[in-house]
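Data file: query_17.pdb. Format and content: PDB, C-alpha atoms, pLDDT in the B column.
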ATOM      1  CA  MET Q   1       9.451  36.478 -24.199  1.00 78.00           C
ATOM      2  CA  LYS Q   2       6.392  34.679 -22.955  1.00 85.00           C
ATOM      3  CA  TYR Q   3       5.051  31.530 -24.558  1.00 89.00           C
ATOM      4  CA  ARG Q   4       1.350  30.636 -24.360  1.00 89.00           C
ATOM      5  CA  PHE Q   5       0.083  27.268 -25.566  1.00 91.00           C
ATOM      6  CA  PHE Q   6      -3.416  26.454 -26.832  1.00 88.00           C
ATOM      7  CA  ARG Q   7      -5.140  23.312 -28.064  1.00 90.00           C
ATOM      8  CA  ILE Q   8      -8.244  23.977 -30.153  1.00 87.00           C
ATOM      9  CA  PRO Q   9     -10.100  20.684 -30.736  1.00 88.00           C
ATOM     10  CA  VAL Q  10     -11.717  20.033 -34.103  1.00 85.00           C
ATOM     11  CA  MET Q  11     -14.659  18.296 -32.478  1.00 83.00           C
ATOM     12  CA  GLY Q  12     -16.341  19.075 -29.188  1.00 78.00           C
ATOM     13  CA  ASP Q  13     -16.479  22.212 -27.059  1.00 75.00           C
ATOM     14  CA  ILE Q  14     -13.993  24.805 -28.252  1.00 75.00           C
ATOM     15  CA  GLN Q  15     -15.561  27.889 -26.649  1.00 77.00           C
ATOM     16  CA  ALA Q  16     -13.412  28.094 -23.491  1.00 74.00           C
ATOM     17  CA  GLU Q  17     -10.069  27.596 -25.224  1.00 78.00           C
ATOM     18  CA  GLU Q  18     -11.022  29.887 -28.112  1.00 78.00           C
ATOM     19  CA  SER Q  19     -12.043  32.574 -25.628  1.00 79.00           C
ATOM     20  CA  ARG Q  20      -8.718  32.220 -23.764  1.00 82.00           C
ATOM     21  CA  LEU Q  21      -6.800  32.441 -27.065  1.00 83.00           C
ATOM     22  CA  ASN Q  22      -8.683  35.578 -28.186  1.00 81.00           C
ATOM     23  CA  ARG Q  23      -8.115  37.236 -24.797  1.00 82.00           C
ATOM     24  CA  THR Q  24      -4.388  36.473 -24.975  1.00 80.00           C
ATOM     25  CA  LEU Q  25      -4.132  37.877 -28.502  1.00 81.00           C
ATOM     26  CA  ALA Q  26      -6.004  41.043 -27.531  1.00 79.00           C
ATOM     27  CA  GLU Q  27      -4.101  41.718 -24.305  1.00 79.00           C
ATOM     28  CA  ASN Q  28      -0.509  40.947 -25.280  1.00 78.00           C
ATOM     29  CA  PRO Q  29       1.958  42.280 -27.826  1.00 83.00           C
ATOM     30  CA  VAL Q  30       2.272  39.245 -30.082  1.00 82.00           C
ATOM     31  CA  VAL Q  31       5.602  38.554 -31.750  1.00 84.00           C
ATOM     32  CA  ARG Q  32       4.623  35.389 -33.560  1.00 86.00           C
ATOM     33  CA  VAL Q  33       1.983  32.630 -33.664  1.00 86.00           C
ATOM     34  CA  GLU Q  34       3.007  29.115 -34.597  1.00 90.00           C
ATOM     35  CA  SER Q  35       0.360  26.534 -35.430  1.00 89.00           C
ATOM     36  CA  GLU Q  36       0.342  22.845 -36.169  1.00 92.00           C
ATOM     37  CA  PHE Q  37      -2.532  20.526 -36.936  1.00 92.00           C
ATOM     38  CA  VAL Q  38      -2.378  17.256 -35.006  1.00 92.00           C
ATOM     39  CA  ASN Q  39      -4.404  14.586 -36.808  1.00 93.00           C
ATOM     40  CA  ASN Q  40      -5.574  12.083 -34.196  1.00 90.00           C
ATOM     41  CA  GLY Q  41      -9.054  11.023 -35.295  1.00 90.00           C
ATOM     42  CA  GLU Q  42     -11.768  12.425 -33.023  1.00 87.00           C
ATOM     43  CA  GLN Q  43      -9.068  13.973 -30.828  1.00 88.00           C
ATOM     44  CA  SER Q  44      -7.605  16.013 -33.715  1.00 91.00           C
ATOM     45  CA  ALA Q  45      -6.785  19.605 -32.815  1.00 89.00           C
ATOM     46  CA  TRP Q  46      -4.951  22.743 -33.793  1.00 88.00           C
ATOM     47  CA  CYS Q  47      -2.036  23.299 -31.440  1.00 92.00           C
ATOM     48  CA  LEU Q  48      -0.961  26.925 -31.200  1.00 89.00           C
ATOM     49  CA  THR Q  49       2.028  28.592 -29.621  1.00 91.00           C
ATOM     50  CA  VAL Q  50       1.635  32.329 -29.102  1.00 89.00           C
ATOM     51  CA  ILE Q  51       4.919  34.129 -28.472  1.00 88.00           C
ATOM     52  CA  CYS Q  52       4.503  37.489 -26.719  1.00 85.00           C
ATOM     53  CA  THR Q  53       6.836  40.169 -25.436  1.00 80.00           C
ATOM     54  CA  GLU Q  54       6.782  41.155 -21.802  1.00 68.00           C
ATOM     55  CA  GLN Q  55       4.295  43.975 -21.303  1.00 56.00           C
ATOM     56  CA  THR Q  56       4.223  46.503 -18.540  1.00 49.00           C
ATOM     57  CA  PRO Q  57       0.685  47.421 -17.436  1.00 45.00           C
ATOM     58  CA  ASP Q  58       1.090  51.143 -18.167  1.00 47.00           C
ATOM     59  CA  LYS Q  59       2.161  50.659 -21.794  1.00 48.00           C
ATOM     60  CA  GLN Q  60       0.173  50.039 -24.925  1.00 50.00           C
ATOM     61  CA  PRO Q  61       1.349  47.008 -26.856  1.00 49.00           C
ATOM     62  CA  ALA Q  62       3.560  47.798 -29.829  1.00 52.00           C
ATOM     63  CA  ARG Q  63       2.362  46.860 -33.283  1.00 57.00           C
ATOM     64  CA  GLU Q  64       4.136  43.910 -34.857  1.00 54.00           C
ATOM     65  CA  GLY Q  65       7.548  44.961 -36.093  1.00 64.00           C
ATOM     66  CA  GLN Q  66       7.423  48.256 -34.233  1.00 76.00           C
ATOM     67  CA  VAL Q  67      10.324  49.096 -31.922  1.00 80.00           C
ATOM     68  CA  ASP Q  68       9.682  50.749 -28.565  1.00 84.00           C
ATOM     69  CA  TYR Q  69      12.540  53.244 -28.655  1.00 84.00           C
ATOM     70  CA  LYS Q  70      11.797  54.418 -25.119  1.00 84.00           C
ATOM     71  CA  ALA Q  71      12.699  50.927 -23.920  1.00 83.00           C
ATOM     72  CA  VAL Q  72      15.670  50.520 -26.283  1.00 83.00           C
ATOM     73  CA  LEU Q  73      17.408  53.906 -25.996  1.00 86.00           C
ATOM     74  CA  SER Q  74      18.990  55.401 -22.906  1.00 88.00           C
ATOM     75  CA  GLU Q  75      16.969  58.140 -21.201  1.00 89.00           C
ATOM     76  CA  GLU Q  76      19.272  60.823 -22.627  1.00 90.00           C
ATOM     77  CA  ASP Q  77      19.195  59.366 -26.153  1.00 89.00           C
ATOM     78  CA  PHE Q  78      15.417  59.014 -26.026  1.00 91.00           C
ATOM     79  CA  ALA Q  79      15.065  62.705 -25.125  1.00 91.00           C
ATOM     80  CA  ILE Q  80      17.117  63.610 -28.222  1.00 91.00           C
ATOM     81  CA  TYR Q  81      15.135  61.120 -30.323  1.00 92.00           C
ATOM     82  CA  ALA Q  82      11.857  62.682 -29.118  1.00 92.00           C
ATOM     83  CA  ARG Q  83      13.143  66.116 -30.076  1.00 93.00           C
ATOM     84  CA  LEU Q  84      14.005  64.861 -33.569  1.00 94.00           C
ATOM     85  CA  ARG Q  85      10.544  63.319 -33.899  1.00 93.00           C
ATOM     86  CA  ALA Q  86       8.947  66.675 -33.043  1.00 94.00           C
ATOM     87  CA  LEU Q  87      11.144  68.388 -35.644  1.00 94.00           C
ATOM     88  CA  ARG Q  88      10.217  65.733 -38.221  1.00 94.00           C
ATOM     89  CA  LYS Q  89       6.516  66.232 -37.501  1.00 94.00           C
ATOM     90  CA  GLU Q  90       6.854  69.983 -37.985  1.00 94.00           C
ATOM     91  CA  LEU Q  91       8.747  69.607 -41.279  1.00 93.00           C
ATOM     92  CA  ALA Q  92       6.305  67.001 -42.602  1.00 91.00           C
ATOM     93  CA  ALA Q  93       3.371  69.294 -41.779  1.00 92.00           C
ATOM     94  CA  GLN Q  94       5.050  72.165 -43.642  1.00 92.00           C
ATOM     95  CA  GLU Q  95       5.571  69.880 -46.639  1.00 88.00           C
ATOM     96  CA  GLY Q  96       2.064  68.407 -46.402  1.00 90.00           C
ATOM     97  CA  LYS Q  97       3.572  64.907 -46.465  1.00 88.00           C
ATOM     98  CA  PRO Q  98       3.582  61.850 -44.173  1.00 91.00           C
ATOM     99  CA  ILE Q  99       6.232  61.971 -41.436  1.00 90.00           C
ATOM    100  CA  TRP Q 100       8.097  58.912 -42.708  1.00 89.00           C
ATOM    101  CA  THR Q 101       8.899  60.772 -45.943  1.00 90.00           C
ATOM    102  CA  VAL Q 102      11.165  63.038 -43.902  1.00 94.00           C
ATOM    103  CA  PHE Q 103      12.917  60.282 -41.900  1.00 94.00           C
ATOM    104  CA  THR Q 104      11.719  57.004 -40.359  1.00 92.00           C
ATOM    105  CA  ASN Q 105      11.809  56.290 -36.623  1.00 91.00           C
ATOM    106  CA  GLN Q 106      14.697  53.894 -37.221  1.00 91.00           C
ATOM    107  CA  GLN Q 107      16.669  56.564 -39.084  1.00 93.00           C
ATOM    108  CA  LEU Q 108      16.079  59.077 -36.284  1.00 93.00           C
ATOM    109  CA  ALA Q 109      17.228  56.544 -33.680  1.00 91.00           C
ATOM    110  CA  GLN Q 110      20.349  55.838 -35.750  1.00 92.00           C
ATOM    111  CA  MET Q 111      21.111  59.562 -35.933  1.00 93.00           C
ATOM    112  CA  VAL Q 112      21.048  59.656 -32.149  1.00 92.00           C
ATOM    113  CA  THR Q 113      22.914  56.439 -31.365  1.00 90.00           C
ATOM    114  CA  GLU Q 114      25.539  56.907 -34.077  1.00 90.00           C
ATOM    115  CA  LYS Q 115      25.889  60.597 -33.151  1.00 91.00           C
ATOM    116  CA  VAL Q 116      25.896  61.694 -36.795  1.00 92.00           C
ATOM    117  CA  GLN Q 117      27.757  64.926 -37.472  1.00 91.00           C
ATOM    118  CA  SER Q 118      27.658  65.364 -41.241  1.00 92.00           C
ATOM    119  CA  ILE Q 119      25.382  65.148 -44.247  1.00 93.00           C
ATOM    120  CA  GLU Q 120      27.530  62.232 -45.473  1.00 93.00           C
ATOM    121  CA  GLU Q 121      26.769  60.303 -42.270  1.00 93.00           C
ATOM    122  CA  ILE Q 122      23.047  60.996 -42.697  1.00 93.00           C
ATOM    123  CA  ARG Q 123      23.246  59.883 -46.323  1.00 93.00           C
ATOM    124  CA  ALA Q 124      24.922  56.651 -45.142  1.00 92.00           C
ATOM    125  CA  LEU Q 125      21.858  55.711 -43.051  1.00 91.00           C
ATOM    126  CA  LYS Q 126      19.871  52.845 -44.542  1.00 90.00           C
ATOM    127  CA  GLY Q 127      17.160  54.159 -46.849  1.00 90.00           C
ATOM    128  CA  VAL Q 128      18.336  57.778 -46.936  1.00 92.00           C
ATOM    129  CA  GLY Q 129      19.141  58.998 -50.403  1.00 90.00           C
ATOM    130  CA  PRO Q 130      21.067  62.098 -51.450  1.00 92.00           C
ATOM    131  CA  GLN Q 131      17.925  64.168 -52.081  1.00 92.00           C
ATOM    132  CA  ARG Q 132      16.455  63.553 -48.636  1.00 92.00           C
ATOM    133  CA  ALA Q 133      19.820  64.087 -46.959  1.00 93.00           C
ATOM    134  CA  ALA Q 134      20.254  67.368 -48.843  1.00 93.00           C
ATOM    135  CA  LYS Q 135      16.712  68.563 -48.174  1.00 93.00           C
ATOM    136  CA  PHE Q 136      16.414  67.743 -44.446  1.00 93.00           C
ATOM    137  CA  GLY Q 137      19.900  66.792 -43.260  1.00 92.00           C
ATOM    138  CA  SER Q 138      21.216  70.191 -42.212  1.00 93.00           C
ATOM    139  CA  THR Q 139      18.082  70.949 -40.181  1.00 94.00           C
ATOM    140  CA  PHE Q 140      18.493  67.706 -38.236  1.00 95.00           C
ATOM    141  CA  LEU Q 141      22.242  68.222 -37.856  1.00 93.00           C
ATOM    142  CA  ASP Q 142      21.579  71.684 -36.366  1.00 92.00           C
ATOM    143  CA  SER Q 143      19.174  70.165 -33.861  1.00 90.00           C
ATOM    144  CA  LEU Q 144      21.614  67.375 -32.982  1.00 90.00           C
ATOM    145  CA  THR Q 145      24.476  69.852 -32.574  1.00 85.00           C
ATOM    146  CA  GLN Q 146      22.409  71.998 -30.193  1.00 84.00           C
ATOM    147  CA  VAL Q 147      21.455  69.016 -28.054  1.00 74.00           C
ATOM    148  CA  GLN Q 148      24.857  67.313 -28.096  1.00 65.00           C
ATOM    149  CA  GLY Q 149      26.591  70.625 -27.399  1.00 61.00           C
ATOM    150  CA  GLY Q 150      24.249  71.229 -24.443  1.00 52.00           C
ATOM    151  CA  SER Q 151      24.800  67.766 -22.996  1.00 46.00           C
ATOM    152  CA  GLU Q 152      28.609  68.131 -23.241  1.00 42.00           C
ATOM    153  CA  GLU Q 153      28.515  71.392 -21.287  1.00 39.00           C
ATOM    154  CA  HIS Q 154      26.783  69.614 -18.432  1.00 34.00           C
ATOM    155  CA  ALA Q 155      29.192  66.672 -18.402  1.00 33.00           C
TER     156      ALA Q 155
END
This structure in structure tokens:
Amino acid sequence: MKYRFFRIPVMGDIQAEESRLNRTLAENPVVRVESEFVNNGEQSAWCLTVICTEQTPDKQPAREGQVDYKAVLSEEDFAIYARLRALRKELAAQEGKPIWTVFTNQQLAQMVTEKVQSIEEIRALKGVGPQRAAKFGSTFLDSLTQVQGGSEEHA
């Protein structure tokens, strides 16, 4: 985490500090902004702390609350996760529905990391009900079995 501190005066020239704040907000993935008003007469100011995640130059910043699964998962798990995302996209297109109605990114990542092997385990994932597990579960289990079976052969 990186912390950036700003003091925006109530009176006087605020252009330089405001410009620096806006540039920081635009260029960094912001986790949180904390602000406090310091009442000190003519020297009163807003004091801001901007908390950012570390950003590599070749990556786009993640939206707030969004997990970068490429950074979180192992290379092997991410490859499986990416395959499940492609399958989800295909199924959602066939259904004419948004991708998250099939499974969320978090649910796909859990399938990979928890190495689910049954409809019951898919149903146990947070936010997955019996209808969704019944409708899409076996398709995802087949895909997971193919990938996990292939990776075990190479071990």
Report task. Counting only C-alpha atoms, figure out which residue out of Q:Glu42, Q:Glu121, Q:Asp68, Q:Glu27 gets nearest to Gln106 in chain Q. Result -> Q:Asp68
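Across the structure, CA of Thr104 in chain Q and CA of Tyr69 in chain Q are spaced 12.3 Å apart.
Among Q:Ser74, Q:Ser143, Q:Thr113, Q:Thr101, the residue with the shortest atom-to-atom distance to Gly127 in chain Q, counting only C-alpha atoms, is Q:Thr101.
Note that CA of Asn28 in chain Q and CA of Gln110 in chain Q are 27.7 Å apart.
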Query raised in the report: Can you tell me how far CA of Arg32 in chain Q sits from CA of Ala16 in chain Q, in Å to one decimal?
Result: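 Interatomic distance, CA of Arg32 in chain Q to CA of Ala16 in chain Q: 21.9 Å.
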Query raised in the report: Any chance you could work out the residue set of the PyMOL selection byres ((chain Q and resi 44) around 12) here, as a PyMOL selection string?
Result: chain Q and resi 7-12+36-43+45-47
Query raised in the report: Using only C-alpha atoms, which of Q:Met1, Q:Leu48, Q:Pro98, Q:Glu120 sits nearest Arg20 in chain Q?
Result: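 The shortest atom-to-atom distance to Arg20 in chain Q comes from Q:Leu48.
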Taking the file above as input, evaluate the PyMOL selection byres ((chain Q and resi 84-95) around 12) and report the hits as a PDB file with C-alpha atoms, in the frame of the given file.
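Just written: part_19.pdb:
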ATOM      1  CA  TYR Q  69      12.540  53.244 -28.655  1.00 84.00           C
ATOM      2  CA  ASP Q  77      19.195  59.366 -26.153  1.00 89.00           C
ATOM      3  CA  PHE Q  78      15.417  59.014 -26.026  1.00 91.00           C
ATOM      4  CA  ALA Q  79      15.065  62.705 -25.125  1.00 91.00           C
ATOM      5  CA  ILE Q  80      17.117  63.610 -28.222  1.00 91.00           C
ATOM      6  CA  TYR Q  81      15.135  61.120 -30.323  1.00 92.00           C
ATOM      7  CA  ALA Q  82      11.857  62.682 -29.118  1.00 92.00           C
ATOM      8  CA  ARG Q  83      13.143  66.116 -30.076  1.00 93.00           C
ATOM      9  CA  GLY Q  96       2.064  68.407 -46.402  1.00 90.00           C
ATOM     10  CA  LYS Q  97       3.572  64.907 -46.465  1.00 88.00           C
ATOM     11  CA  PRO Q  98       3.582  61.850 -44.173  1.00 91.00           C
ATOM     12  CA  ILE Q  99       6.232  61.971 -41.436  1.00 90.00           C
ATOM     13  CA  TRP Q 100       8.097  58.912 -42.708  1.00 89.00           C
ATOM     14  CA  THR Q 101       8.899  60.772 -45.943  1.00 90.00           C
ATOM     15  CA  VAL Q 102      11.165  63.038 -43.902  1.00 94.00           C
ATOM     16  CA  PHE Q 103      12.917  60.282 -41.900  1.00 94.00           C
ATOM     17  CA  THR Q 104      11.719  57.004 -40.359  1.00 92.00           C
ATOM     18  CA  ASN Q 105      11.809  56.290 -36.623  1.00 91.00           C
ATOM     19  CA  GLN Q 106      14.697  53.894 -37.221  1.00 91.00           C
ATOM     20  CA  GLN Q 107      16.669  56.564 -39.084  1.00 93.00           C
ATOM     21  CA  LEU Q 108      16.079  59.077 -36.284  1.00 93.00           C
ATOM     22  CA  ALA Q 109      17.228  56.544 -33.680  1.00 91.00           C
ATOM     23  CA  GLN Q 110      20.349  55.838 -35.750  1.00 92.00           C
ATOM     24  CA  MET Q 111      21.111  59.562 -35.933  1.00 93.00           C
ATOM     25  CA  VAL Q 112      21.048  59.656 -32.149  1.00 92.00           C
ATOM     26  CA  LYS Q 135      16.712  68.563 -48.174  1.00 93.00           C
ATOM     27  CA  PHE Q 136      16.414  67.743 -44.446  1.00 93.00           C
ATOM     28  CA  GLY Q 137      19.900  66.792 -43.260  1.00 92.00           C
ATOM     29  CA  THR Q 139      18.082  70.949 -40.181  1.00 94.00           C
ATOM     30  CA  PHE Q 140      18.493  67.706 -38.236  1.00 95.00           C
ATOM     31  CA  LEU Q 141      22.242  68.222 -37.856  1.00 93.00           C
ATOM     32  CA  ASP Q 142      21.579  71.684 -36.366  1.00 92.00           C
ATOM     33  CA  SER Q 143      19.174  70.165 -33.861  1.00 90.00           C
ATOM     34  CA  LEU Q 144      21.614  67.375 -32.982  1.00 90.00           C
ATOM     35  CA  THR Q 145      24.476  69.852 -32.574  1.00 85.00           C
ATOM     36  CA  GLN Q 146      22.409  71.998 -30.193  1.00 84.00           C
ATOM     37  CA  VAL Q 147      21.455  69.016 -28.054  1.00 74.00           C
TER      38      VAL Q 147
END
Once the PyMOL selection byres ((chain Q and resi 25) around 12) has been applied to the shown file, what residues remain in the selection, as a compact mmCIF listing (two decimals) with C-alpha atoms, keeping the file's coordinate frame?
# COMPACT_ATOMS: atom_id res chain seq x y z
CA TYR Q 3 5.05 31.53 -24.56
CA ARG Q 4 1.35 30.64 -24.36
CA PHE Q 5 0.08 27.27 -25.57
CA PHE Q 6 -3.42 26.45 -26.83
CA GLU Q 18 -11.02 29.89 -28.11
CA SER Q 19 -12.04 32.57 -25.63
CA ARG Q 20 -8.72 32.22 -23.76
CA LEU Q 21 -6.80 32.44 -27.06
CA ASN Q 22 -8.68 35.58 -28.19
CA ARG Q 23 -8.12 37.24 -24.80
CA THR Q 24 -4.39 36.47 -24.98
CA ALA Q 26 -6.00 41.04 -27.53
CA GLU Q 27 -4.10 41.72 -24.30
CA ASN Q 28 -0.51 40.95 -25.28
CA PRO Q 29 1.96 42.28 -27.83
CA VAL Q 30 2.27 39.24 -30.08
CA VAL Q 31 5.60 38.55 -31.75
CA ARG Q 32 4.62 35.39 -33.56
CA VAL Q 33 1.98 32.63 -33.66
CA LEU Q 48 -0.96 26.92 -31.20
CA THR Q 49 2.03 28.59 -29.62
CA VAL Q 50 1.64 32.33 -29.10
CA ILE Q 51 4.92 34.13 -28.47
CA CYS Q 52 4.50 37.49 -26.72
CA THR Q 53 6.84 40.17 -25.44
CA PRO Q 61 1.35 47.01 -26.86
Once 3 Å is added on each side, what centre and edge lengths in Å to one decimal does the axis-aligned box around all listed atoms of range 39-45 of chain Q have, as JSON?
{"center_x": -8.1, "center_y": 15.3, "center_z": -33.8, "size_x": 13.4, "size_y": 14.6, "size_z": 12.0}
Please supply range 8-21 of chain Q, rebuilt with N, CA and C atoms, as a PDB file, in the frame of the given file.
ATOM      1  N   ILE Q   8      -6.882  23.737 -29.689  1.00 87.00           N
ATOM      2  CA  ILE Q   8      -8.244  23.977 -30.153  1.00 87.00           C
ATOM      3  C   ILE Q   8      -8.728  22.690 -30.825  1.00 87.00           C
ATOM      4  N   PRO Q   9      -9.644  21.949 -30.165  1.00 88.00           N
ATOM      5  CA  PRO Q   9     -10.100  20.684 -30.736  1.00 88.00           C
ATOM      6  C   PRO Q   9     -10.973  20.914 -31.967  1.00 88.00           C
ATOM      7  N   VAL Q  10     -10.901  19.960 -32.899  1.00 85.00           N
ATOM      8  CA  VAL Q  10     -11.717  20.033 -34.103  1.00 85.00           C
ATOM      9  C   VAL Q  10     -13.160  19.680 -33.763  1.00 85.00           C
ATOM     10  N   MET Q  11     -13.318  18.724 -32.882  1.00 83.00           N
ATOM     11  CA  MET Q  11     -14.659  18.296 -32.478  1.00 83.00           C
ATOM     12  C   MET Q  11     -14.839  18.586 -30.990  1.00 83.00           C
ATOM     13  N   GLY Q  12     -16.065  18.844 -30.605  1.00 78.00           N
ATOM     14  CA  GLY Q  12     -16.341  19.075 -29.188  1.00 78.00           C
ATOM     15  C   GLY Q  12     -16.402  20.552 -28.855  1.00 78.00           C
ATOM     16  N   ASP Q  13     -16.333  20.854 -27.554  1.00 75.00           N
ATOM     17  CA  ASP Q  13     -16.479  22.212 -27.059  1.00 75.00           C
ATOM     18  C   ASP Q  13     -15.169  22.993 -27.215  1.00 75.00           C
ATOM     19  N   ILE Q  14     -15.192  24.011 -28.041  1.00 75.00           N
ATOM     20  CA  ILE Q  14     -13.993  24.805 -28.252  1.00 75.00           C
ATOM     21  C   ILE Q  14     -14.114  26.205 -27.642  1.00 75.00           C
ATOM     22  N   GLN Q  15     -15.276  26.524 -27.108  1.00 77.00           N
ATOM     23  CA  GLN Q  15     -15.561  27.889 -26.649  1.00 77.00           C
ATOM     24  C   GLN Q  15     -14.561  28.397 -25.612  1.00 77.00           C
ATOM     25  N   ALA Q  16     -14.277  27.628 -24.578  1.00 74.00           N
ATOM     26  CA  ALA Q  16     -13.412  28.094 -23.491  1.00 74.00           C
ATOM     27  C   ALA Q  16     -11.994  28.371 -23.990  1.00 74.00           C
ATOM     28  N   GLU Q  17     -11.442  27.435 -24.732  1.00 78.00           N
ATOM     29  CA  GLU Q  17     -10.069  27.596 -25.224  1.00 78.00           C
ATOM     30  C   GLU Q  17      -9.985  28.716 -26.259  1.00 78.00           C
ATOM     31  N   GLU Q  18     -10.984  28.825 -27.114  1.00 78.00           N
ATOM     32  CA  GLU Q  18     -11.022  29.887 -28.112  1.00 78.00           C
ATOM     33  C   GLU Q  18     -11.111  31.257 -27.436  1.00 78.00           C
ATOM     34  N   SER Q  19     -11.904  31.332 -26.387  1.00 79.00           N
ATOM     35  CA  SER Q  19     -12.043  32.574 -25.628  1.00 79.00           C
ATOM     36  C   SER Q  19     -10.706  32.954 -24.971  1.00 79.00           C
ATOM     37  N   ARG Q  20     -10.015  31.972 -24.401  1.00 82.00           N
ATOM     38  CA  ARG Q  20      -8.718  32.220 -23.764  1.00 82.00           C
ATOM     39  C   ARG Q  20      -7.687  32.676 -24.804  1.00 82.00           C
ATOM     40  N   LEU Q  21      -7.703  32.056 -25.984  1.00 83.00           N
ATOM     41  CA  LEU Q  21      -6.800  32.441 -27.065  1.00 83.00           C
ATOM     42  C   LEU Q  21      -7.069  33.884 -27.511  1.00 83.00           C
TER      43      LEU Q  21
END
